[in-house]
Amino acid sequence: EAEVAQSPRYKITEKSQAVAFWCDPISGHATLYWYRQILGQGPELLVQFQDESVVDDSQLPKDRFSAERLKGVDSTLKIQPAELGDSAMYLCASSLNRRYEQYFGPGTRLTVT
Amino acid sequence: KQEVTQIPAALSVPEGENLVLNCSFTDSAIYNLQWFRQDPGKGLTSLLLIQSSQREQTSGRLNASLDKSSGRSTLYIAASQPGDSATYLCAVRHQAGTALIFGKGTTLSVSS
């Protein structure tokens, strides 16, 4: 069964360092989402892509976060510089298209020290 | 702004009990509602998706209902098992093409 892949699964970084996460959606899925989940909370959308275009990045802290999906397939989420408050689970999800069910990857657990 | 609330935040039951998890949302104009399961430190697994025109969905021991007019959904788990222990998240989609808005989840513990 096809799955959303994410790497790394765990990342520990020091405050002010740069960090990057990678997501490979299910093959053929045009829509890709990045969510952030703080411990004890529900996930919240950071950015949504339709193919290579950003559809919604209204909640993305653009002074430090960036996201790209250059060829409309895999995607990278970057944080620079990382802050203590960025410690969270970063979840990637994909769907066949914007109207369809989202499938989630295993997530990347980020700890900023 | 849509808000999703899940009650209770935590629930402990003995094995074999039937139980109900509650989800409420403030804006009844939703496109669909989805229930997820999340094991500690893991990603989300979709359990059931209910379209706005539907009243309920069933999968095995799980049954989810939707009452759009009152802004409520319930997830019913029959004959609970220790393997059901996890956090259950409810999420709504306001319009087709928009992202999911999640509640904070209910953490379920089933003891043997």
# chains A, B, ... in the order shown; residues from 1 in each chain; ligands from 1

call {"tool": "interface_residues", "arguments": {"of": "chain A", "to": "chain B", "cutoff": "12 Å", "atoms": "only C-alpha atoms", "output": "PyMOL selection string"}}
result
chain A and resi 3-6+9-10+30-50+55-59+88-110

call {"tool": "write_last_selection", "arguments": {"atoms": "C-alpha atoms", "output": "short mmCIF file (atom, residue, chain, number, x, y, z; two decimals), in the first residue's frame"}}
result
data_model
loop_
_atom_site.label_atom_id
_atom_site.label_comp_id
_atom_site.auth_asym_id
_atom_site.auth_seq_id
_atom_site.Cartn_x
_atom_site.Cartn_y
_atom_site.Cartn_z
CA GLU A 3 2.41 5.67 1.89
CA VAL A 4 3.62 9.19 2.49
CA ALA A 5 7.32 9.13 3.35
CA GLN A 6 9.05 11.63 5.63
CA ARG A 9 11.95 10.75 11.70
CA TYR A 10 13.70 12.54 14.55
CA ALA A 30 -1.32 16.60 -6.56
CA THR A 31 -2.02 18.21 -3.19
CA LEU A 32 0.52 18.28 -0.39
CA TYR A 33 0.14 19.68 3.12
CA TRP A 34 2.57 20.45 5.94
CA TYR A 35 1.08 20.52 9.44
CA ARG A 36 2.73 21.28 12.79
CA GLN A 37 1.57 19.52 15.94
CA ILE A 38 2.68 20.83 19.30
CA LEU A 39 2.58 18.25 22.10
CA GLY A 40 -0.96 17.88 23.43
CA GLN A 41 -2.52 19.85 20.58
CA GLY A 42 -4.09 18.99 17.26
CA PRO A 43 -2.14 19.53 14.03
CA GLU A 44 -2.32 22.98 12.44
CA LEU A 45 -1.71 23.74 8.79
CA LEU A 46 1.53 25.47 7.86
CA VAL A 47 1.37 25.33 4.07
CA GLN A 48 -0.67 23.69 1.31
CA PHE A 49 0.57 23.00 -2.23
CA GLN A 50 -1.37 22.22 -5.35
CA VAL A 55 -2.37 27.47 -2.19
CA ASP A 56 -2.35 28.50 1.47
CA ASP A 57 0.59 29.64 3.57
CA SER A 58 -1.29 32.08 5.76
CA GLN A 59 -0.14 30.36 8.97
CA ALA A 88 6.96 19.89 17.64
CA MET A 89 5.91 17.07 15.32
CA TYR A 90 5.93 18.10 11.66
CA LEU A 91 3.44 16.10 9.64
CA CYS A 92 3.16 15.85 5.88
CA ALA A 93 -0.05 14.77 4.17
CA SER A 94 -1.08 14.29 0.56
CA SER A 95 -4.30 13.85 -1.36
CA LEU A 96 -5.18 12.95 -4.92
CA ASN A 97 -6.53 16.43 -5.37
CA ARG A 98 -7.83 19.21 -3.15
CA ARG A 99 -11.28 17.67 -2.69
CA TYR A 100 -10.06 14.24 -1.65
CA GLU A 101 -9.12 12.51 1.59
CA GLN A 102 -5.71 13.34 3.07
CA TYR A 103 -3.17 10.63 3.94
CA PHE A 104 -0.56 11.39 6.57
CA GLY A 105 3.07 10.40 6.86
CA PRO A 106 4.79 9.25 10.08
CA GLY A 107 6.00 12.75 10.91
CA THR A 108 9.31 14.30 11.94
CA ARG A 109 9.77 14.96 15.65
CA LEU A 110 11.87 18.12 16.08
#

call {"tool": "residues_around", "arguments": {"residues": "B:Leu62", "least_positions_apart": "4", "cutoff": "10 Å", "atoms": "only C-alpha atoms", "output": "VMD selection string"}}
result
chain B and resid 20 47 to 48 57 to 58 75 to 80

call {"tool": "closest_residue", "arguments": {"among": "B:Ala64, B:Leu11, B:Val92, B:Ile50", "to": "B:Ser24", "atoms": "only C-alpha atoms"}}
result
B:Val92

call {"tool": "select_by_dssp", "arguments": {"residues": "stretch 29-92 of chain A", "states": "strand (DSSP E)", "output": "NGL selection string"}}
result
:A and (31-37 or 44-50 or 53-56 or 65-68 or 75-79 or 88-92)

call {"tool": "decode", "arguments": {"residues": "stretch 76-90 of chain B", "atoms": "all heavy atoms", "output": "short mmCIF file (atom, residue, chain, number, x, y, z; two decimals), in the first residue's frame"}}
result
data_model
loop_
_atom_site.label_atom_id
_atom_site.label_comp_id
_atom_site.auth_asym_id
_atom_site.auth_seq_id
_atom_site.Cartn_x
_atom_site.Cartn_y
_atom_site.Cartn_z
N TYR B 76 -18.16 6.06 18.19
CA TYR B 76 -18.55 4.97 19.07
C TYR B 76 -17.61 3.80 18.82
O TYR B 76 -17.40 3.39 17.67
CB TYR B 76 -19.99 4.57 18.76
CG TYR B 76 -20.50 3.36 19.51
CD1 TYR B 76 -20.99 3.48 20.80
CD2 TYR B 76 -20.53 2.11 18.89
CE1 TYR B 76 -21.47 2.37 21.49
CE2 TYR B 76 -21.01 0.99 19.56
CZ TYR B 76 -21.48 1.13 20.85
OH TYR B 76 -21.95 0.03 21.53
N ILE B 77 -17.01 3.31 19.90
CA ILE B 77 -16.12 2.14 19.81
C ILE B 77 -16.76 1.01 20.61
O ILE B 77 -17.00 1.15 21.83
CB ILE B 77 -14.71 2.45 20.37
CG1 ILE B 77 -14.08 3.62 19.62
CG2 ILE B 77 -13.82 1.21 20.26
CD1 ILE B 77 -12.71 4.04 20.16
N ALA B 78 -17.05 -0.07 19.94
CA ALA B 78 -17.68 -1.21 20.59
C ALA B 78 -16.63 -2.19 21.10
O ALA B 78 -15.58 -2.38 20.49
CB ALA B 78 -18.61 -1.92 19.60
N ALA B 79 -16.95 -2.78 22.23
CA ALA B 79 -16.10 -3.85 22.79
C ALA B 79 -14.63 -3.47 22.77
O ALA B 79 -13.81 -4.11 22.10
CB ALA B 79 -16.34 -5.16 22.04
N SER B 80 -14.28 -2.43 23.50
CA SER B 80 -12.92 -1.88 23.45
C SER B 80 -11.87 -2.92 23.83
O SER B 80 -12.12 -3.84 24.64
CB SER B 80 -12.82 -0.66 24.37
OG SER B 80 -13.15 -1.03 25.70
N GLN B 81 -10.68 -2.75 23.23
CA GLN B 81 -9.55 -3.65 23.45
C GLN B 81 -8.32 -2.82 23.83
O GLN B 81 -8.23 -1.64 23.47
CB GLN B 81 -9.26 -4.43 22.17
CG GLN B 81 -10.43 -5.21 21.63
CD GLN B 81 -10.16 -5.79 20.25
OE1 GLN B 81 -9.11 -5.55 19.65
NE2 GLN B 81 -11.12 -6.56 19.73
N PRO B 82 -7.35 -3.42 24.53
CA PRO B 82 -6.14 -2.66 24.87
C PRO B 82 -5.45 -2.05 23.66
O PRO B 82 -4.87 -0.97 23.74
CB PRO B 82 -5.26 -3.72 25.54
CG PRO B 82 -6.23 -4.66 26.16
CD PRO B 82 -7.38 -4.74 25.18
N GLY B 83 -5.55 -2.71 22.52
CA GLY B 83 -4.97 -2.18 21.29
C GLY B 83 -5.64 -0.93 20.77
O GLY B 83 -5.11 -0.26 19.88
N ASP B 84 -6.79 -0.57 21.34
CA ASP B 84 -7.48 0.66 20.96
C ASP B 84 -6.87 1.87 21.67
O ASP B 84 -7.23 3.02 21.37
CB ASP B 84 -8.97 0.59 21.30
CG ASP B 84 -9.70 -0.47 20.49
OD1 ASP B 84 -9.28 -0.74 19.34
OD2 ASP B 84 -10.69 -1.04 21.00
N SER B 85 -5.98 1.63 22.62
CA SER B 85 -5.37 2.73 23.37
C SER B 85 -4.57 3.62 22.43
O SER B 85 -3.65 3.15 21.75
CB SER B 85 -4.47 2.19 24.48
OG SER B 85 -5.21 1.43 25.41
N ALA B 86 -4.94 4.89 22.38
CA ALA B 86 -4.32 5.85 21.46
C ALA B 86 -5.01 7.20 21.68
O ALA B 86 -5.93 7.31 22.49
CB ALA B 86 -4.50 5.41 20.01
N THR B 87 -4.56 8.20 20.93
CA THR B 87 -5.26 9.48 20.92
C THR B 87 -6.13 9.54 19.67
O THR B 87 -5.67 9.20 18.57
CB THR B 87 -4.27 10.66 20.93
OG1 THR B 87 -3.56 10.65 22.17
CG2 THR B 87 -5.00 11.99 20.79
N TYR B 88 -7.38 9.95 19.84
CA TYR B 88 -8.33 10.03 18.74
C TYR B 88 -8.59 11.50 18.44
O TYR B 88 -8.97 12.27 19.32
CB TYR B 88 -9.61 9.29 19.10
CG TYR B 88 -9.39 7.80 19.17
CD1 TYR B 88 -8.83 7.22 20.31
CD2 TYR B 88 -9.68 6.98 18.09
CE1 TYR B 88 -8.58 5.86 20.37
CE2 TYR B 88 -9.44 5.61 18.14
CZ TYR B 88 -8.88 5.07 19.28
OH TYR B 88 -8.63 3.71 19.34
N LEU B 89 -8.37 11.87 17.19
CA LEU B 89 -8.51 13.25 16.75
C LEU B 89 -9.68 13.39 15.79
O LEU B 89 -9.87 12.56 14.90
CB LEU B 89 -7.23 13.72 16.06
CG LEU B 89 -6.00 13.85 16.95
CD1 LEU B 89 -4.73 13.78 16.12
CD2 LEU B 89 -6.04 15.16 17.71
N CYS B 90 -10.44 14.45 15.99
CA CYS B 90 -11.53 14.80 15.10
C CYS B 90 -11.07 16.02 14.28
O CYS B 90 -10.42 16.92 14.82
CB CYS B 90 -12.75 15.15 15.95
SG CYS B 90 -14.11 15.94 15.09
#
